[in-house]
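Student: Sharing my_file_13.cif here; it has mmCIF, C-alpha atoms and all ligand atoms.
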data_structure
loop_
_atom_site.label_atom_id
_atom_site.label_comp_id
_atom_site.auth_asym_id
_atom_site.auth_seq_id
_atom_site.Cartn_x
_atom_site.Cartn_y
_atom_site.Cartn_z
CA MET W 89 -33.37 -27.94 14.73
CA ALA W 90 -30.69 -29.72 12.75
CA ALA W 91 -30.69 -29.63 8.99
CA ALA W 92 -32.73 -32.39 7.44
CA ASP W 93 -30.81 -35.21 5.81
CA ILE W 94 -31.52 -34.36 2.19
CA ARG W 95 -29.40 -36.10 -0.40
CA VAL W 96 -29.02 -35.03 -3.98
CA ARG W 97 -29.38 -37.94 -6.38
CA PRO W 98 -28.47 -36.75 -9.86
CA VAL W 99 -30.28 -39.52 -11.70
CA LYS W 100 -30.32 -39.06 -15.45
CA PHE W 101 -33.01 -41.27 -16.85
CA GLU W 102 -32.51 -42.85 -20.24
CA PHE W 103 -35.94 -42.54 -21.76
CA PRO W 104 -36.35 -44.47 -24.98
CA GLU W 105 -37.55 -42.61 -28.07
CA ASP W 106 -40.54 -44.91 -28.21
CA ILE W 107 -41.75 -44.00 -24.72
CA ASP W 108 -45.49 -44.43 -24.42
CA VAL W 109 -47.64 -41.33 -23.82
CA MET W 110 -50.12 -43.75 -22.26
CA ALA W 111 -48.33 -43.63 -18.89
CA VAL W 112 -51.14 -45.76 -17.47
CA PRO W 113 -51.92 -48.26 -20.24
CA GLY W 114 -55.64 -48.66 -20.86
CA ASN W 115 -56.46 -45.44 -19.02
CA VAL W 116 -56.59 -42.20 -21.03
CA GLY W 117 -57.58 -39.95 -18.10
CA GLY W 118 -54.98 -41.39 -15.72
CA SER W 119 -52.28 -41.09 -18.38
CA ALA W 120 -53.27 -37.52 -19.27
CA SER W 121 -53.14 -36.46 -15.60
CA MET W 122 -49.74 -38.00 -15.05
CA VAL W 123 -48.29 -36.52 -18.24
CA GLY W 124 -50.05 -33.19 -17.61
CA PHE W 125 -48.45 -32.92 -14.17
CA SER W 126 -45.06 -33.58 -15.78
CA PHE W 127 -45.62 -30.64 -18.16
CA THR W 128 -45.86 -28.15 -15.29
CA MET W 129 -42.54 -29.19 -13.75
CA PRO W 130 -40.08 -27.34 -16.06
CA TYR W 131 -41.81 -24.06 -15.07
CA LEU W 132 -42.94 -24.64 -11.49
CA GLU W 133 -39.66 -26.08 -10.19
CA PRO W 134 -37.35 -23.34 -11.62
CA TYR W 135 -39.76 -20.83 -10.01
CA LEU W 136 -39.39 -22.58 -6.63
CA ILE W 137 -35.61 -22.50 -7.05
CA ARG W 138 -35.73 -18.75 -7.83
CA SER W 139 -37.74 -18.14 -4.66
CA MET W 140 -35.29 -20.20 -2.56
CA THR W 141 -32.32 -18.37 -4.07
CA ILE W 142 -33.80 -15.02 -3.02
CA ALA W 143 -34.77 -16.43 0.40
CA LYS W 144 -31.16 -17.45 1.07
CA GLY W 145 -30.33 -13.76 1.38
CA HIS W 146 -32.89 -13.39 4.20
CA THR W 147 -31.60 -15.90 6.74
CA LYS W 148 -28.34 -16.72 8.49
CA ASP W 149 -29.61 -20.01 9.90
CA PRO W 150 -26.98 -22.52 8.70
CA ASP W 151 -29.33 -25.52 8.84
CA LEU W 152 -31.99 -23.74 6.82
CA LEU W 153 -29.39 -22.56 4.31
CA SER W 154 -28.10 -26.08 3.88
CA ASP W 155 -31.66 -27.43 3.44
CA MET W 156 -32.43 -24.73 0.88
CA ARG W 157 -29.35 -25.60 -1.15
CA ALA W 158 -30.24 -29.32 -1.16
CA PHE W 159 -33.88 -28.48 -2.05
CA SER W 160 -32.82 -26.43 -5.07
CA LYS W 161 -30.45 -29.12 -6.30
CA GLN W 162 -33.11 -31.82 -6.03
CA GLU W 163 -35.71 -29.67 -7.80
CA GLY W 164 -33.16 -28.89 -10.52
CA HIS W 165 -32.67 -32.59 -11.27
CA HIS W 166 -36.43 -33.17 -11.16
CA PHE W 167 -37.42 -30.62 -13.76
CA ARG W 168 -34.55 -31.51 -16.12
CA ASN W 169 -35.71 -35.13 -16.30
CA HIS W 170 -39.36 -34.14 -16.71
CA LYS W 171 -38.39 -31.72 -19.47
CA ARG W 172 -36.64 -34.48 -21.44
CA MET W 173 -39.63 -36.75 -20.97
CA ASN W 174 -42.03 -33.97 -22.04
CA GLU W 175 -40.11 -33.30 -25.24
CA LEU W 176 -40.35 -36.97 -26.25
CA VAL W 177 -44.07 -36.97 -25.43
CA LYS W 178 -44.75 -33.82 -27.46
CA ALA W 179 -43.17 -35.36 -30.55
CA LYS W 180 -45.56 -38.32 -30.27
CA LEU W 181 -48.78 -36.32 -30.07
CA PRO W 182 -50.60 -34.72 -33.04
CA ASP W 183 -49.18 -31.37 -34.21
CA TRP W 184 -52.14 -29.31 -33.02
CA CYS W 185 -51.73 -30.92 -29.62
CA ALA W 186 -48.01 -30.09 -29.37
CA HIS W 187 -48.90 -26.53 -30.39
CA GLU W 188 -51.58 -26.22 -27.69
CA LEU W 189 -49.18 -27.65 -25.11
CA SER W 190 -46.53 -25.07 -26.06
CA LYS W 191 -49.11 -22.28 -25.65
CA ALA W 192 -50.03 -23.52 -22.17
CA GLU W 193 -46.35 -23.87 -21.25
CA GLN W 194 -45.76 -20.27 -22.30
CA ALA W 195 -48.70 -19.06 -20.21
CA LEU W 196 -47.49 -20.95 -17.14
CA ASN W 197 -43.94 -19.68 -17.53
CA ASP W 198 -45.26 -16.11 -17.93
CA ASP W 199 -47.19 -16.46 -14.66
CA TYR W 200 -44.20 -17.75 -12.73
CA GLN W 201 -41.87 -15.09 -14.13
CA LYS W 202 -44.43 -12.45 -13.11
CA PHE W 203 -44.68 -13.88 -9.59
CA THR W 204 -40.90 -13.72 -9.15
CA LYS W 205 -40.84 -10.17 -10.47
CA ASN W 206 -43.93 -8.65 -8.89
CA LYS W 207 -44.84 -10.61 -5.77
CA SER W 208 -43.18 -10.37 -2.36
CA LEU W 209 -40.82 -13.08 -1.15
CA LYS W 210 -43.34 -13.88 1.58
CA TRP W 211 -45.99 -14.55 -1.06
CA ASN W 212 -43.63 -16.63 -3.20
CA LEU W 213 -42.59 -18.75 -0.20
CA ALA W 214 -46.23 -19.26 0.78
CA TYR W 215 -46.94 -20.35 -2.82
CA ALA W 216 -43.96 -22.74 -2.63
CA GLU W 217 -45.25 -24.24 0.62
CA GLY W 218 -48.79 -24.53 -0.79
CA PHE W 219 -47.39 -26.60 -3.63
CA GLU W 220 -45.00 -28.62 -1.47
CA ALA W 221 -47.64 -29.47 1.16
CA MET W 222 -50.03 -30.72 -1.51
CA THR W 223 -47.35 -32.74 -3.33
CA PHE W 224 -46.10 -34.22 -0.06
CA ALA W 225 -49.64 -35.47 0.64
CA MET W 226 -50.01 -36.84 -2.90
CA ALA W 227 -46.59 -38.50 -2.68
CA GLN W 228 -47.40 -40.25 0.60
CA ASN W 229 -50.69 -41.39 -0.83
CA SER W 230 -49.07 -42.73 -3.99
CA PHE W 231 -46.62 -44.84 -1.94
CA GLU W 232 -49.43 -46.14 0.26
CA ASN W 233 -51.65 -46.96 -2.73
CA PRO W 234 -49.28 -47.75 -5.59
CA ASN W 235 -50.72 -47.99 -9.08
CA ASP W 236 -49.13 -51.17 -10.39
CA ASN W 237 -50.42 -50.52 -13.88
CA THR W 238 -48.17 -47.52 -14.53
CA GLU W 239 -45.69 -47.98 -17.36
CA GLN W 240 -42.21 -48.72 -15.92
CA ARG W 241 -40.33 -45.61 -17.15
CA TRP W 242 -43.07 -43.28 -15.91
CA LYS W 243 -43.21 -45.20 -12.66
CA ASP W 244 -39.45 -44.82 -12.09
CA LEU W 245 -39.50 -41.10 -12.85
CA TYR W 246 -42.37 -40.44 -10.45
CA GLU W 247 -41.13 -42.75 -7.70
CA TRP W 248 -37.74 -41.06 -7.64
CA HIS W 249 -39.30 -37.60 -7.80
CA LEU W 250 -42.00 -38.20 -5.19
CA ALA W 251 -39.62 -39.92 -2.75
CA GLU W 252 -37.41 -36.84 -2.87
CA GLU W 253 -40.46 -34.59 -2.44
CA ILE W 254 -41.11 -36.48 0.82
CA GLU W 255 -37.46 -36.18 1.80
CA HIS W 256 -37.39 -32.37 1.37
CA ARG W 257 -40.94 -31.86 2.72
CA ASN W 258 -39.78 -29.46 5.46
CA VAL W 259 -37.82 -26.93 3.40
CA ALA W 260 -40.44 -24.58 1.93
CA TYR W 261 -42.37 -24.70 5.22
CA ASP W 262 -39.26 -23.85 7.26
CA ALA W 263 -38.18 -21.09 4.87
CA TYR W 264 -41.61 -19.44 5.12
CA ASP W 265 -41.94 -20.06 8.85
CA LYS W 266 -38.47 -18.90 9.90
CA ILE W 267 -38.25 -15.85 7.64
CA TYR W 268 -41.88 -14.65 7.96
CA GLY W 269 -44.33 -17.01 9.62
CA GLY W 270 -48.09 -16.46 9.82
CA TYR W 271 -50.71 -19.18 9.53
CA PHE W 272 -53.58 -17.46 7.69
CA TYR W 273 -51.36 -15.89 5.07
CA ARG W 274 -49.71 -19.26 4.37
CA LEU W 275 -53.10 -20.97 4.26
CA PHE W 276 -54.78 -18.57 1.83
CA VAL W 277 -51.83 -18.03 -0.52
CA GLY W 278 -51.23 -21.81 -0.36
CA LEU W 279 -54.83 -22.58 -1.34
CA TRP W 280 -54.63 -20.11 -4.20
CA ALA W 281 -51.32 -21.72 -5.28
CA GLN W 282 -52.97 -25.14 -5.39
CA TYR W 283 -55.90 -23.76 -7.39
CA HIS W 284 -53.52 -22.04 -9.83
CA PHE W 285 -51.21 -25.03 -10.21
CA LEU W 286 -53.95 -27.68 -10.52
CA GLY W 287 -55.73 -25.48 -13.08
CA PHE W 288 -52.67 -25.76 -15.31
CA VAL W 289 -52.37 -29.53 -14.71
CA ALA W 290 -56.01 -29.83 -15.84
CA ARG W 291 -55.36 -27.65 -18.91
CA PHE W 292 -52.38 -29.79 -19.98
CA ALA W 293 -54.26 -33.02 -19.19
CA LYS W 294 -57.26 -31.99 -21.28
CA ILE W 295 -55.09 -31.29 -24.34
CA ILE W 296 -53.22 -34.58 -23.89
CA ALA W 297 -56.43 -36.60 -23.43
CA ARG W 298 -57.88 -35.15 -26.66
CA GLY W 299 -54.67 -36.00 -28.51
CA LEU W 300 -54.61 -39.54 -27.16
CA LYS W 301 -58.24 -40.14 -28.10
CA GLU W 302 -57.62 -38.82 -31.60
CA GLN W 303 -54.80 -41.37 -31.89
CA GLY W 304 -57.27 -44.11 -31.06
CA HIS W 305 -56.47 -44.71 -27.40
CA GLU W 306 -59.37 -45.71 -25.21
CA THR W 307 -60.03 -46.22 -21.55
CA ILE W 308 -60.59 -49.92 -21.23
CA LEU W 309 -59.69 -50.49 -17.61
CA THR W 310 -62.01 -48.18 -15.71
CA ASP W 311 -61.34 -49.82 -12.34
CA GLN W 312 -57.77 -48.50 -12.38
CA LYS W 313 -56.71 -45.60 -10.26
CA GLY W 314 -56.11 -42.40 -12.13
CA GLY W 315 -52.92 -40.37 -12.13
CA GLY W 316 -53.28 -39.47 -8.45
CA MET W 317 -54.56 -35.94 -9.08
CA SER W 318 -57.37 -36.06 -6.56
CA LEU W 319 -56.60 -34.70 -3.10
CA PRO W 320 -55.87 -37.60 -0.75
CA ARG W 321 -56.75 -37.85 2.95
CA GLN W 322 -53.17 -36.81 3.89
CA TYR W 323 -53.94 -33.42 2.33
CA TRP W 324 -56.42 -32.23 4.95
CA ARG W 325 -53.97 -32.08 7.84
CA THR W 326 -51.84 -29.62 5.82
CA LEU W 327 -54.60 -27.03 6.39
CA SER W 328 -54.26 -27.18 10.18
CA PRO W 329 -52.46 -24.43 12.14
CA TRP W 330 -50.47 -27.25 13.80
CA TYR W 331 -49.26 -28.74 10.53
CA ASN W 332 -45.49 -29.05 10.44
CA PRO W 333 -44.03 -31.44 7.84
CA SER W 334 -40.83 -32.00 9.87
CA LYS W 335 -42.91 -33.79 12.50
CA ILE W 336 -44.14 -36.37 10.01
CA VAL W 337 -41.86 -39.39 9.95
CA ILE W 338 -40.87 -40.98 6.64
CA SER W 339 -42.22 -44.53 6.33
CA GLY W 340 -39.89 -47.50 5.91
CA GLU W 341 -41.27 -48.00 2.43
CA VAL W 342 -40.27 -44.50 1.30
CA GLN W 343 -36.90 -44.86 3.03
CA ASP W 344 -36.32 -48.04 1.00
CA MET W 345 -37.24 -46.17 -2.17
CA LEU W 346 -34.71 -43.42 -1.36
CA THR W 347 -32.03 -46.05 -0.68
CA LYS W 348 -32.85 -47.69 -4.02
CA TRP W 349 -32.18 -44.38 -5.80
CA ASP W 350 -29.01 -43.80 -3.74
CA MET W 351 -27.72 -47.00 -5.28
CA ALA W 352 -28.74 -45.86 -8.76
CA VAL W 353 -26.32 -42.91 -8.63
CA ASN W 354 -23.45 -44.64 -6.85
FE FE H 401 -39.61 -31.74 -7.37
FE FE H 402 -40.39 -30.12 -3.96
#
Take the structure in the file and write it out as structure tokens.
Ligand SMILES: [Fe+2]
Ligand SMILES: [Fe+2]
Tutor:
Amino acid sequence: MAAADIRVRPVKFEFPEDIDVMAVPGNVGGSASMVGFSFTMPYLEPYLIRSMTIAKGHTKDPDLLSDMRAFSKQEGHHFRNHKRMNELVKAKLPDWCAHELSKAEQALNDDYQKFTKNKSLKWNLAYAEGFEAMTFAMAQNSFENPNDNTEQRWKDLYEWHLAEEIEHRNVAYDAYDKIYGGYFYRLFVGLWAQYHFLGFVARFAKIIARGLKEQGHETILTDQKGGGMSLPRQYWRTLSPWYNPSKIVISGEVQDMLTKWDMAVN
């Protein structure tokens, strides 16, 4: 199989100081989920990059190696932008809230450092694929059912990020499959990874929602979609023994989105 066509788009977003923590105006829960997800990125994505870096020493497959390099570069740009956004957000929330967020960030970072140190590469790659499969499903769902109420800067950040998640959908799967393989191991470690990761998203979201409510924000538009944290229908096929993300074709819509971001860096 040829290497996937994965481009690195080093977009550096200019977030204004007055960026709104209400990523979905009028919807506290949707905003808190979207912002909470962003808070996991500066810890999750460096952990994925560490796993890929170790995995590179376990294969000589040139296509896989090239995919892994592109994957790590994309993830690097993702978490750097989220980190800048998160810092602005933290400064806008009450002090106790920023403090609680820092505590949760520390706990998440500790977990990921421990996984790199103590778990096998097979386990870390299965974790990576558990996360990537879930995000790929969420990303496809978010492009099929766009939430037009999302604030523009948050929308841009997530559209760029999720389009690239779709573009590099095969890499963690291929790394696990070519170096180790094994359906049940991938399935169970992947499910645990999703439980672990989503638990932290919920912890961040809960802190953020409390902070937003204290600042007087309310949910006034209850018919809006939330931050896309529920598992969409595209998720269920990832549990099948025949699931292989390379076989899923990118829609024209997502391709257009990727082209749009190609232009943004040219
Ligand atoms: Fe990413
Ligand atoms: Fe990814």
Student: Within 10 Å of Tyr264 in chain W, counting all atoms listed in the file, which residues qualify if same-chain residues fewer than 2 places away don't, as a PDB file with C-alpha atoms, in the coordinates of the input?
Tutor:
ATOM      1  CA  MET W 140     -35.290 -20.200  -2.560  1.00  0.00           C
ATOM      2  CA  ALA W 143     -34.770 -16.430   0.400  1.00  0.00           C
ATOM      3  CA  LEU W 209     -40.820 -13.080  -1.150  1.00  0.00           C
ATOM      4  CA  LYS W 210     -43.340 -13.880   1.580  1.00  0.00           C
ATOM      5  CA  TRP W 211     -45.990 -14.550  -1.060  1.00  0.00           C
ATOM      6  CA  ASN W 212     -43.630 -16.630  -3.200  1.00  0.00           C
ATOM      7  CA  LEU W 213     -42.590 -18.750  -0.200  1.00  0.00           C
ATOM      8  CA  ALA W 214     -46.230 -19.260   0.780  1.00  0.00           C
ATOM      9  CA  TYR W 215     -46.940 -20.350  -2.820  1.00  0.00           C
ATOM     10  CA  ALA W 216     -43.960 -22.740  -2.630  1.00  0.00           C
ATOM     11  CA  GLU W 217     -45.250 -24.240   0.620  1.00  0.00           C
ATOM     12  CA  VAL W 259     -37.820 -26.930   3.400  1.00  0.00           C
ATOM     13  CA  ALA W 260     -40.440 -24.580   1.930  1.00  0.00           C
ATOM     14  CA  TYR W 261     -42.370 -24.700   5.220  1.00  0.00           C
ATOM     15  CA  ASP W 262     -39.260 -23.850   7.260  1.00  0.00           C
ATOM     16  CA  LYS W 266     -38.470 -18.900   9.900  1.00  0.00           C
ATOM     17  CA  ILE W 267     -38.250 -15.850   7.640  1.00  0.00           C
ATOM     18  CA  TYR W 268     -41.880 -14.650   7.960  1.00  0.00           C
ATOM     19  CA  GLY W 269     -44.330 -17.010   9.620  1.00  0.00           C
ATOM     20  CA  GLY W 270     -48.090 -16.460   9.820  1.00  0.00           C
ATOM     21  CA  ARG W 274     -49.710 -19.260   4.370  1.00  0.00           C
TER      22      ARG W 274
END
Student: Calculate how many Å separate CA of Ala186 in chain W from CA of Gly299 in chain W, rounding to one decimal.
Tutor: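 Distance reported for this atom pair: 8.9 Å.
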Student: List as JSON, numbers by chain the protein and nucleic acid residues lying within 7 Å of ligand FE 401 (chain H), with only C-alpha atoms and all ligand atoms counted.
Tutor: {"W": [133, 162, 163, 166, 167, 249, 253]}
Student: Excluding Gly117 in chain W and any residue of its chain fewer than 2 positions from it, enumerate the residues within 7 Å of it, using all atoms listed in the file, and give them as a list of chain:residue names.
Tutor: W:Asn115, W:Ser119, W:Ala120, W:Ser121, W:Ala297, W:Gly314
Student: So what do you get for CA of Tyr246 in chain W versus CA of Gly218 in chain W, distance-wise?
Tutor: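 Straight-line distance from CA of Tyr246 in chain W to CA of Gly218 in chain W works out to 19.7 Å.
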Student: Given the choices W:Pro182, W:Pro104, W:Pro98, W:Pro150, which gets closest to Gly164 in chain W if the distance is worked out from all atoms listed in the file?
Tutor: W:Pro98
Student: Could you check how far CA of Asn235 in chain W sits from CA of Gly124 in chain W, in Å to one decimal?
Tutor: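 If I compute the distance from CA of Asn235 in chain W to CA of Gly124 in chain W, I get 17.1 Å.
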Student: Which one of W:Lys335, W:Lys161, W:Arg298, W:Lys144 sits closest to ligand FE 402 (chain H) if you count all atoms listed in the file?
Tutor: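 Residue with the minimum atom-to-atom distance to ligand FE 402 (chain H): W:Lys161.
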